[in-house]
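Novice: Once you've had a glance at the structure underneath, I'll fire off some questions.
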Amino acid sequence: MQDERGLIEESRDLGNGYHLLKVAAPRTAEAAKPGHFVMVRILPALDPLLRRPLGILDARPPYIWLYYQVLGSGTRLLAGQRPGDSLDILGPLGNTFPELPGQRVLLIAGGRGIVPLFHYARTYGERRPLLLLYGGRGKADLPLLDRVRSLRLERLFVFSEDGALGQQGRLSDGLEKIVRDERPDVTMSCGPEAMLAALATLLKPFPTRDLVLLEARMGCGFGACQGCAVRAADGSYRRVCDEGPVFPMEEIQWPT
Amino acid sequence: MADLSADLGFCTLKNPVITASGTFGYGEEFLPFYDLDSLGAIVMKGIFREARPGNPPPRLHESPAGLLNSIGLAGPGSAALQEAIRRLHARTPVPIIVNVCGGDDDEFAEVAAIFSAMDEVSLLELNISCPNVNKGGACPAQDAGHTARLVQRVKKGIHKPLIVKLSPNAADIVGVAQAAQDAGADALSLVNTFLGLAVDLEARRPVFANVYAGLSGPAVKPLALRLVREVCLKAYVPVIGIGGIASGRDALDYILVGASAVQVGTVNFYDPAGAARIVAEIEAEMVRLKIKSLSEIRGKLQA
């Protein structure tokens, strides 16, 4: 973990509030592993005050790629930054998805939850076949689909709720059949909380090892503020930034 | 070279910058960023006798240049903190201050006695001002009588200097400050967070389960600076100023109104090396303004 001044190389508006940012941040890029995130600050503003946690979509030194959706004041300000502007990048932070060589892995991505799983497929997909299940509401929700298609994958399953891309439906509709047919040893998921809660229920009967990457609002990103706590199955709390963001699925208390 | 040392009477810190309770974890989270010994002291996150889970999420909400928090003093309990202090002390000689909490007066006294007995601990800070424990934000620091009884009680069981941390949510913070010092407080620190409210318009509900939460960050600095000045005008013990300090100039503003030292809090979240940066900025500003020592400007606001 370190604090480095990143330089924006490219900022692309992908529509529907989605943006792709290419940042020269050599030390972060060198250390980044799938699942890691960074805390981004636009200097020297005190409003917004806090850094924003952003997942790392890809890292090829000296660059990292960040993919985000404009949701509030911080991401709106970020979207206004241009090539040549600098960003304060703190990271890489958190734990990671394990490589698990020799295991059959199914990646499950809902909407912008593609971020850490794209990074996983980019990093480990060359070494062994991976399965990816990718879903969203519609075409506007899946602006990275072309890039996802260019990943080295054994199989890609695409679902859209409006049927514009891939099969019509939620990815949770197709999950059971895919798991039965493809028999993964491990699943790795990221997406909206409601989707993850549905996956937790659907995956329970299967003998898979299930890992999930959680998003949270964060104060610091490195374990000090305790602001990003989520409820664990045993009733205690976990800090997403420090104990996570990757957790065993059964460790989290999902909303019912 | 400017002399940054901060004289608290019962001890002298190498500089006036102390990290505020609840914003600096247990110190070790910040070891990757800088040498903690460059600070005057650090305050550990508030501690109760037993472990506490803290409040349900959401625990944070941002406002312009401000942060509302409702962490609820999540913590591992006194025994685990003792271990953490030993670990930290083995890695850095920075003076360690323990922020003592309690659900009732007995617990405050018991926790204070536990940490008073630790050689690795320099000072104690009595946290009678956290707004996130009781619904509605009630805390002992809202009442001068309760504050006096509690400070007397705690002081009997300890042999280390006691800082009493005050609440800006008291109707009469100066009265509470006077009660605390008359009861034996060795120093006062103020202010804890301002009680605030955030609502979710769509859901027509408060953002936080506890309804109210504590506001900190640069947004509160003018409010806090005013309260620190009013207390300094009446205090005969050293005052540690807290509230929205984000730069060396902010820190010197507090010294000018009468504070002997400062605590920096929210800045640690968005700028993890911010406390060390503030030390460097204080020195640079003192050189620029030809201030040789902090005592030269302490309380010298001409009003």
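Residue numbering restarts at 1 in every chain; chains get A, B, ... in the order shown in the structure tokens, and ligands count up from 1 in that same order.
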Residues of chain A were defined as contacting chain B if any atom lay at most 10 Å from it, counting only C-alpha atoms; please report them as a compact mmCIF listing (two decimals) with C-alpha atoms, in the first residue's frame.

Specialist:
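Generated file (iface_15.txt):
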```txt
# COMPACT_ATOMS: atom_id res chain seq x y z
CA MET A 1 0.00 0.00 0.00
CA GLN A 2 1.27 3.42 -0.91
CA ASP A 3 0.12 6.90 -1.79
CA MET A 39 -8.79 5.05 -2.77
CA VAL A 40 -8.83 7.97 -5.19
CA ARG A 41 -8.67 11.64 -4.31
CA ALA A 45 -10.35 19.60 -2.87
CA LEU A 46 -11.90 19.35 0.59
CA ASP A 47 -15.33 18.80 -0.95
CA PRO A 48 -15.86 15.96 -1.49
CA LEU A 49 -13.76 15.29 1.56
CA LEU A 50 -13.23 11.57 1.43
CA ARG A 51 -11.44 9.49 -1.15
CA ARG A 52 -13.53 7.22 -3.31
CA SER A 73 -20.44 14.17 -6.14
CA ASP A 88 -3.93 10.89 -5.65
CA LEU A 90 -3.80 5.17 -2.39
CA ALA A 216 -18.97 -0.40 0.52
CA ARG A 217 -18.77 3.28 1.27
CA MET A 218 -15.46 3.81 2.97
CA GLY A 219 -13.89 6.50 5.10
CA CYS A 220 -10.23 5.56 4.91
CA GLY A 221 -9.82 2.27 3.02
CA PHE A 222 -7.11 0.87 5.29
CA GLY A 223 -8.83 -0.29 8.45
CA ALA A 224 -8.72 2.79 10.67
CA CYS A 225 -12.21 4.28 10.62
CA GLN A 226 -14.44 1.18 10.82
CA GLY A 227 -16.91 2.98 8.58
CA CYS A 228 -17.30 0.20 6.00
CA ALA A 229 -18.54 -2.48 8.37
CA VAL A 230 -20.86 -5.21 7.06
CA ARG A 231 -22.76 -7.69 9.21
CA GLY A 235 -23.77 -11.16 14.01
CA SER A 236 -20.39 -9.44 14.36
CA TYR A 237 -19.03 -6.95 11.83
CA ARG A 238 -16.32 -7.15 9.20
```

Novice: Please identify all polymer residues within 12 Å of B:Leu150, counting only C-alpha atoms, omitting same-chain residues fewer than 2 positions from it, and present them as a PyMOL selection string.

Specialist: chain B and resi 101-102+104-110+112+126-128+139-141+143-148+152-157+162+164+176+179-185

Novice: Go ahead and dump the residues you just picked, C-alpha atoms, as a PDB file, in the first residue's frame.

Specialist:
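Here's the written file selection37.pdb:
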```
ATOM      1  CA  CYS B 101     -15.011   5.080  27.633  1.00  0.00           C
ATOM      2  CA  GLY B 102     -17.701   3.641  29.863  1.00  0.00           C
ATOM      3  CA  ASP B 104     -21.592   3.961  33.400  1.00  0.00           C
ATOM      4  CA  ASP B 105     -19.319   5.687  35.935  1.00  0.00           C
ATOM      5  CA  ASP B 106     -18.026   2.375  37.313  1.00  0.00           C
ATOM      6  CA  GLU B 107     -16.848   1.275  33.896  1.00  0.00           C
ATOM      7  CA  PHE B 108     -15.131   4.620  33.182  1.00  0.00           C
ATOM      8  CA  ALA B 109     -13.222   4.289  36.476  1.00  0.00           C
ATOM      9  CA  GLU B 110     -12.353   0.647  35.894  1.00  0.00           C
ATOM     10  CA  ALA B 112      -9.063   4.238  33.402  1.00  0.00           C
ATOM     11  CA  LEU B 126     -11.756  10.599  29.374  1.00  0.00           C
ATOM     12  CA  ASN B 127     -14.300  10.294  26.575  1.00  0.00           C
ATOM     13  CA  ILE B 128     -17.421  11.693  28.162  1.00  0.00           C
ATOM     14  CA  CYS B 139     -23.418  11.879  27.011  1.00  0.00           C
ATOM     15  CA  PRO B 140     -22.029  12.850  30.457  1.00  0.00           C
ATOM     16  CA  ALA B 141     -20.331  15.961  29.020  1.00  0.00           C
ATOM     17  CA  ASP B 143     -24.050  17.952  32.325  1.00  0.00           C
ATOM     18  CA  ALA B 144     -21.588  19.839  34.559  1.00  0.00           C
ATOM     19  CA  GLY B 145     -22.638  17.982  37.709  1.00  0.00           C
ATOM     20  CA  HIS B 146     -22.225  14.542  36.158  1.00  0.00           C
ATOM     21  CA  THR B 147     -18.907  15.576  34.613  1.00  0.00           C
ATOM     22  CA  ALA B 148     -17.558  16.745  37.990  1.00  0.00           C
ATOM     23  CA  GLN B 152     -13.395  13.043  40.660  1.00  0.00           C
ATOM     24  CA  ARG B 153     -14.235   9.362  40.704  1.00  0.00           C
ATOM     25  CA  VAL B 154     -11.838   8.480  37.868  1.00  0.00           C
ATOM     26  CA  LYS B 155      -9.007  10.623  39.244  1.00  0.00           C
ATOM     27  CA  LYS B 156      -9.067   8.683  42.546  1.00  0.00           C
ATOM     28  CA  GLY B 157      -8.127   5.445  40.820  1.00  0.00           C
ATOM     29  CA  LEU B 162      -6.163  12.960  32.832  1.00  0.00           C
ATOM     30  CA  VAL B 164     -11.193  15.347  29.759  1.00  0.00           C
ATOM     31  CA  VAL B 176     -18.760  21.878  31.893  1.00  0.00           C
ATOM     32  CA  ALA B 179     -16.605  21.712  36.390  1.00  0.00           C
ATOM     33  CA  ALA B 180     -14.074  19.309  34.882  1.00  0.00           C
ATOM     34  CA  GLN B 181     -11.004  21.333  35.832  1.00  0.00           C
ATOM     35  CA  ASP B 182     -12.336  22.036  39.337  1.00  0.00           C
ATOM     36  CA  ALA B 183     -12.887  18.295  39.732  1.00  0.00           C
ATOM     37  CA  GLY B 184      -9.254  17.604  38.917  1.00  0.00           C
ATOM     38  CA  ALA B 185      -8.916  17.341  35.144  1.00  0.00           C
TER      39      ALA B 185
END
```

Novice: Extract, using only C-alpha atoms, all DNA, RNA and protein residues at most 9 Å from B:Val191, discarding same-chain residues fewer than 2 positions from it, and format them as a list in words.

Specialist: Ser129, Lys165, Leu166, Ser167, Pro168, Ser189, Thr193, Phe194, Ala224, Leu225, Leu227, Val228, Ile240, Gly241, Ile242 and Gly243 of chain B

Novice: Could you save those same residues with C-alpha atoms as an mmCIF file, in the first residue's frame?

Specialist:
```
data_model
loop_
_atom_site.group_PDB
_atom_site.id
_atom_site.type_symbol
_atom_site.label_atom_id
_atom_site.label_comp_id
_atom_site.auth_asym_id
_atom_site.auth_seq_id
_atom_site.Cartn_x
_atom_site.Cartn_y
_atom_site.Cartn_z
ATOM 1 C CA SER B 129 -18.562 13.207 24.888
ATOM 2 C CA LYS B 165 -12.736 15.467 26.281
ATOM 3 C CA LEU B 166 -15.691 17.826 26.021
ATOM 4 C CA SER B 167 -18.762 17.919 23.839
ATOM 5 C CA PRO B 168 -19.849 20.835 21.652
ATOM 6 C CA SER B 189 -9.650 18.516 24.942
ATOM 7 C CA THR B 193 -18.148 15.795 17.084
ATOM 8 C CA PHE B 194 -21.174 18.019 16.614
ATOM 9 C CA ALA B 224 -15.026 24.501 17.134
ATOM 10 C CA LEU B 225 -12.528 27.365 17.141
ATOM 11 C CA LEU B 227 -15.825 27.079 21.518
ATOM 12 C CA VAL B 228 -12.111 26.484 22.137
ATOM 13 C CA ILE B 240 -6.154 20.832 23.429
ATOM 14 C CA GLY B 241 -8.046 22.223 20.447
ATOM 15 C CA ILE B 242 -9.903 19.873 18.117
ATOM 16 C CA GLY B 243 -12.115 20.441 15.116
#
```

Novice: Let's see if you can do this: from backbone DSSP, list all helix (DSSP H, G or I) residues in stretch 16-149 of chain B, as a CSV table (one decimal) with C-alpha atoms, in the first residue's frame.

Specialist:
```csv
chain,number,residue,atom,x,y,z
B,28,GLU,CA,-0.5,0.4,13.6
B,29,GLU,CA,-2.8,1.1,10.7
B,30,PHE,CA,-0.7,4.2,10.0
B,36,LEU,CA,4.7,8.0,14.1
B,37,ASP,CA,7.4,9.4,16.3
B,38,SER,CA,7.2,12.5,14.2
B,78,SER,CA,-9.5,-3.5,27.2
B,79,ALA,CA,-7.5,-6.7,27.2
B,80,ALA,CA,-7.0,-6.6,23.4
B,81,LEU,CA,-6.1,-2.9,23.5
B,82,GLN,CA,-3.5,-3.6,26.1
B,83,GLU,CA,-1.9,-6.1,23.7
B,84,ALA,CA,-2.2,-3.6,20.8
B,85,ILE,CA,-0.5,-0.9,22.9
B,86,ARG,CA,2.4,-3.3,23.8
B,87,ARG,CA,2.9,-4.2,20.1
B,88,LEU,CA,2.8,-0.5,19.0
B,89,HIS,CA,5.1,0.7,21.8
B,90,ALA,CA,7.7,-1.9,20.7
B,91,ARG,CA,7.7,-0.3,17.3
B,105,ASP,CA,-19.3,5.7,35.9
B,106,ASP,CA,-18.0,2.4,37.3
B,107,GLU,CA,-16.8,1.3,33.9
B,108,PHE,CA,-15.1,4.6,33.2
B,109,ALA,CA,-13.2,4.3,36.5
B,110,GLU,CA,-12.4,0.6,35.9
B,111,VAL,CA,-11.1,1.2,32.3
B,112,ALA,CA,-9.1,4.2,33.4
B,113,ALA,CA,-7.4,2.3,36.2
B,114,ILE,CA,-6.5,-0.6,33.8
B,115,PHE,CA,-4.6,1.8,31.5
B,116,SER,CA,-3.2,4.0,34.2
B,135,LYS,CA,-29.9,7.3,21.1
B,136,GLY,CA,-30.4,11.0,20.8
B,137,GLY,CA,-26.7,11.6,21.4
B,140,PRO,CA,-22.0,12.8,30.5
B,141,ALA,CA,-20.3,16.0,29.0
B,142,GLN,CA,-23.7,17.6,28.6
B,144,ALA,CA,-21.6,19.8,34.6
B,145,GLY,CA,-22.6,18.0,37.7
B,146,HIS,CA,-22.2,14.5,36.2
B,147,THR,CA,-18.9,15.6,34.6
B,148,ALA,CA,-17.6,16.7,38.0
B,149,ARG,CA,-18.6,13.6,39.8
```

Novice: So which residues touch A:His36 within 9 Å, counting only C-alpha atoms, skipping near sequence neighbours fewer than 3 positions away, as JSON, numbers by chain?

Specialist: {"A": [32, 33, 55, 56, 91, 92, 93, 94, 95, 96, 97, 116, 245]}

Novice: Would you save the residues of that selection, restricted to N, CA and C atoms, as a compact mmCIF listing (two decimals), in the first residue's frame?

Specialist:
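Printed below is selection_11.txt as written:
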```txt
# COMPACT_ATOMS: atom_id res chain seq x y z
N ALA A 32 -0.66 -4.41 -8.02
CA ALA A 32 -2.09 -4.72 -8.04
C ALA A 32 -2.37 -6.17 -8.42
N LYS A 33 -3.25 -6.80 -7.65
CA LYS A 33 -3.70 -8.16 -7.92
C LYS A 33 -5.23 -8.16 -7.99
N GLY A 55 -12.53 -0.11 -7.69
CA GLY A 55 -11.89 -1.38 -8.01
C GLY A 55 -10.94 -1.22 -9.19
N ILE A 56 -9.97 -2.11 -9.25
CA ILE A 56 -9.01 -2.08 -10.35
C ILE A 56 -9.48 -3.05 -11.43
N GLY A 91 -3.07 2.88 -2.66
CA GLY A 91 -3.34 1.47 -2.92
C GLY A 91 -2.10 0.72 -3.35
N PRO A 92 -2.23 -0.52 -3.78
CA PRO A 92 -3.50 -1.27 -3.79
C PRO A 92 -3.89 -1.71 -2.38
N LEU A 93 -5.20 -1.78 -2.15
CA LEU A 93 -5.72 -2.03 -0.81
C LEU A 93 -6.58 -3.30 -0.78
N GLY A 94 -6.71 -3.86 0.40
CA GLY A 94 -7.60 -4.99 0.64
C GLY A 94 -6.96 -6.32 0.29
N ASN A 95 -7.77 -7.38 0.45
CA ASN A 95 -7.28 -8.72 0.09
C ASN A 95 -7.65 -9.01 -1.37
N THR A 96 -7.39 -10.21 -1.84
CA THR A 96 -7.54 -10.49 -3.26
C THR A 96 -8.24 -11.83 -3.47
N PHE A 97 -8.69 -12.04 -4.70
CA PHE A 97 -9.18 -13.37 -5.09
C PHE A 97 -7.96 -14.28 -5.27
N PRO A 116 -13.50 -6.55 -10.64
CA PRO A 116 -12.44 -7.43 -10.12
C PRO A 116 -12.35 -8.75 -10.90
N PRO A 245 -11.80 -6.85 0.56
CA PRO A 245 -13.22 -6.93 0.18
C PRO A 245 -13.69 -8.33 -0.23
```

Novice: I'd like the interatomic distance between atom CA of B:Ala259 and atom CA of B:Ala171, to a tenth of an Å.

Specialist: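 Value for the atom CA of B:Ala259-atom CA of B:Ala171 distance: 21.3 Å.
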
Novice: Running DSSP on the backbone, which parts of stretch 160-214 of chain B land in strand (DSSP E or B), as a VMD selection string?

Specialist: chain B and resid 162 to 165 187 to 190 194 to 197 199 to 200 205 to 206 212 to 214

Novice: Output C-alpha atoms of each residue in that selection to a file, as an mmCIF file, in the first residue's frame.

Specialist:
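The result, written out as selection.cif:
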```
data_model
loop_
_atom_site.group_PDB
_atom_site.id
_atom_site.type_symbol
_atom_site.label_atom_id
_atom_site.label_comp_id
_atom_site.auth_asym_id
_atom_site.auth_seq_id
_atom_site.Cartn_x
_atom_site.Cartn_y
_atom_site.Cartn_z
ATOM 1 C CA LEU B 162 -6.163 12.960 32.832
ATOM 2 C CA ILE B 163 -7.420 14.882 29.800
ATOM 3 C CA VAL B 164 -11.193 15.347 29.759
ATOM 4 C CA LYS B 165 -12.736 15.467 26.281
ATOM 5 C CA ALA B 187 -6.191 19.155 30.724
ATOM 6 C CA LEU B 188 -9.249 19.619 28.533
ATOM 7 C CA SER B 189 -9.650 18.516 24.942
ATOM 8 C CA LEU B 190 -12.414 19.923 22.777
ATOM 9 C CA PHE B 194 -21.174 18.019 16.614
ATOM 10 C CA LEU B 195 -24.500 16.234 16.745
ATOM 11 C CA GLY B 196 -25.934 16.273 13.241
ATOM 12 C CA LEU B 197 -28.629 14.682 11.145
ATOM 13 C CA VAL B 199 -31.965 12.136 6.016
ATOM 14 C CA ASP B 200 -32.794 9.977 3.032
ATOM 15 C CA ARG B 205 -35.986 8.060 6.893
ATOM 16 C CA PRO B 206 -32.852 9.138 8.756
ATOM 17 C CA TYR B 212 -28.252 11.518 14.909
ATOM 18 C CA ALA B 213 -24.549 11.240 14.181
ATOM 19 C CA GLY B 214 -21.339 13.157 14.867
#
```

Novice: Can you pull out the residues contacting A:Asp210? Cut-off 6 Å, using only C-alpha atoms, and skip same-chain residues under 3 positions away; I want them as a PDB file with N, CA and C atoms, in the first residue's frame.

Specialist:
```pdb
ATOM      1  N   VAL A 186     -15.078 -23.629  -7.751  1.00  0.00           N
ATOM      2  CA  VAL A 186     -15.076 -22.356  -7.038  1.00  0.00           C
ATOM      3  C   VAL A 186     -15.924 -21.347  -7.815  1.00  0.00           C
ATOM      4  N   THR A 187     -16.687 -20.518  -7.092  1.00  0.00           N
ATOM      5  CA  THR A 187     -17.303 -19.359  -7.743  1.00  0.00           C
ATOM      6  C   THR A 187     -16.736 -18.091  -7.114  1.00  0.00           C
ATOM      7  N   PRO A 248     -15.532 -15.251   2.108  1.00  0.00           N
ATOM      8  CA  PRO A 248     -16.314 -16.452   1.828  1.00  0.00           C
ATOM      9  C   PRO A 248     -17.794 -16.078   1.894  1.00  0.00           C
ATOM     10  N   MET A 249     -18.557 -16.521   0.927  1.00  0.00           N
ATOM     11  CA  MET A 249     -19.958 -16.110   0.832  1.00  0.00           C
ATOM     12  C   MET A 249     -20.735 -16.412   2.116  1.00  0.00           C
TER      13      MET A 249
END
```

Novice: Skipping near chain neighbours, those fewer than 5 positions away, what residues fall within 8 Å of stretch 163-166 of chain A using only C-alpha atoms, listed as number ranges by chain?

Specialist: A: 138-139, 157-158

Novice: Could you work out how far atom CA of B:Ser21 lies from atom CA of B:Ala209, giving the answer in Å with one decimal?

Specialist: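 These atoms are spaced 22.4 Å apart.
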
Novice: Write out as a ChimeraX atom specification each polymer residue whose atoms come within 9 Å of A:Gln103, counting only C-alpha atoms; drop sequence neighbours fewer than 2 positions from it.

Specialist: /A:99-101,105,184-186

Novice: Suppose you want the space between atom CA of A:Leu171 and atom CA of A:Thr75; what is it in Å?

Specialist: 26.9 Å

Novice: Of the residues B:Asp119, B:Asp250, B:Asp172, B:Glu281, which is the one nearest to B:Val220, using only C-alpha atoms?

Specialist: B:Asp250
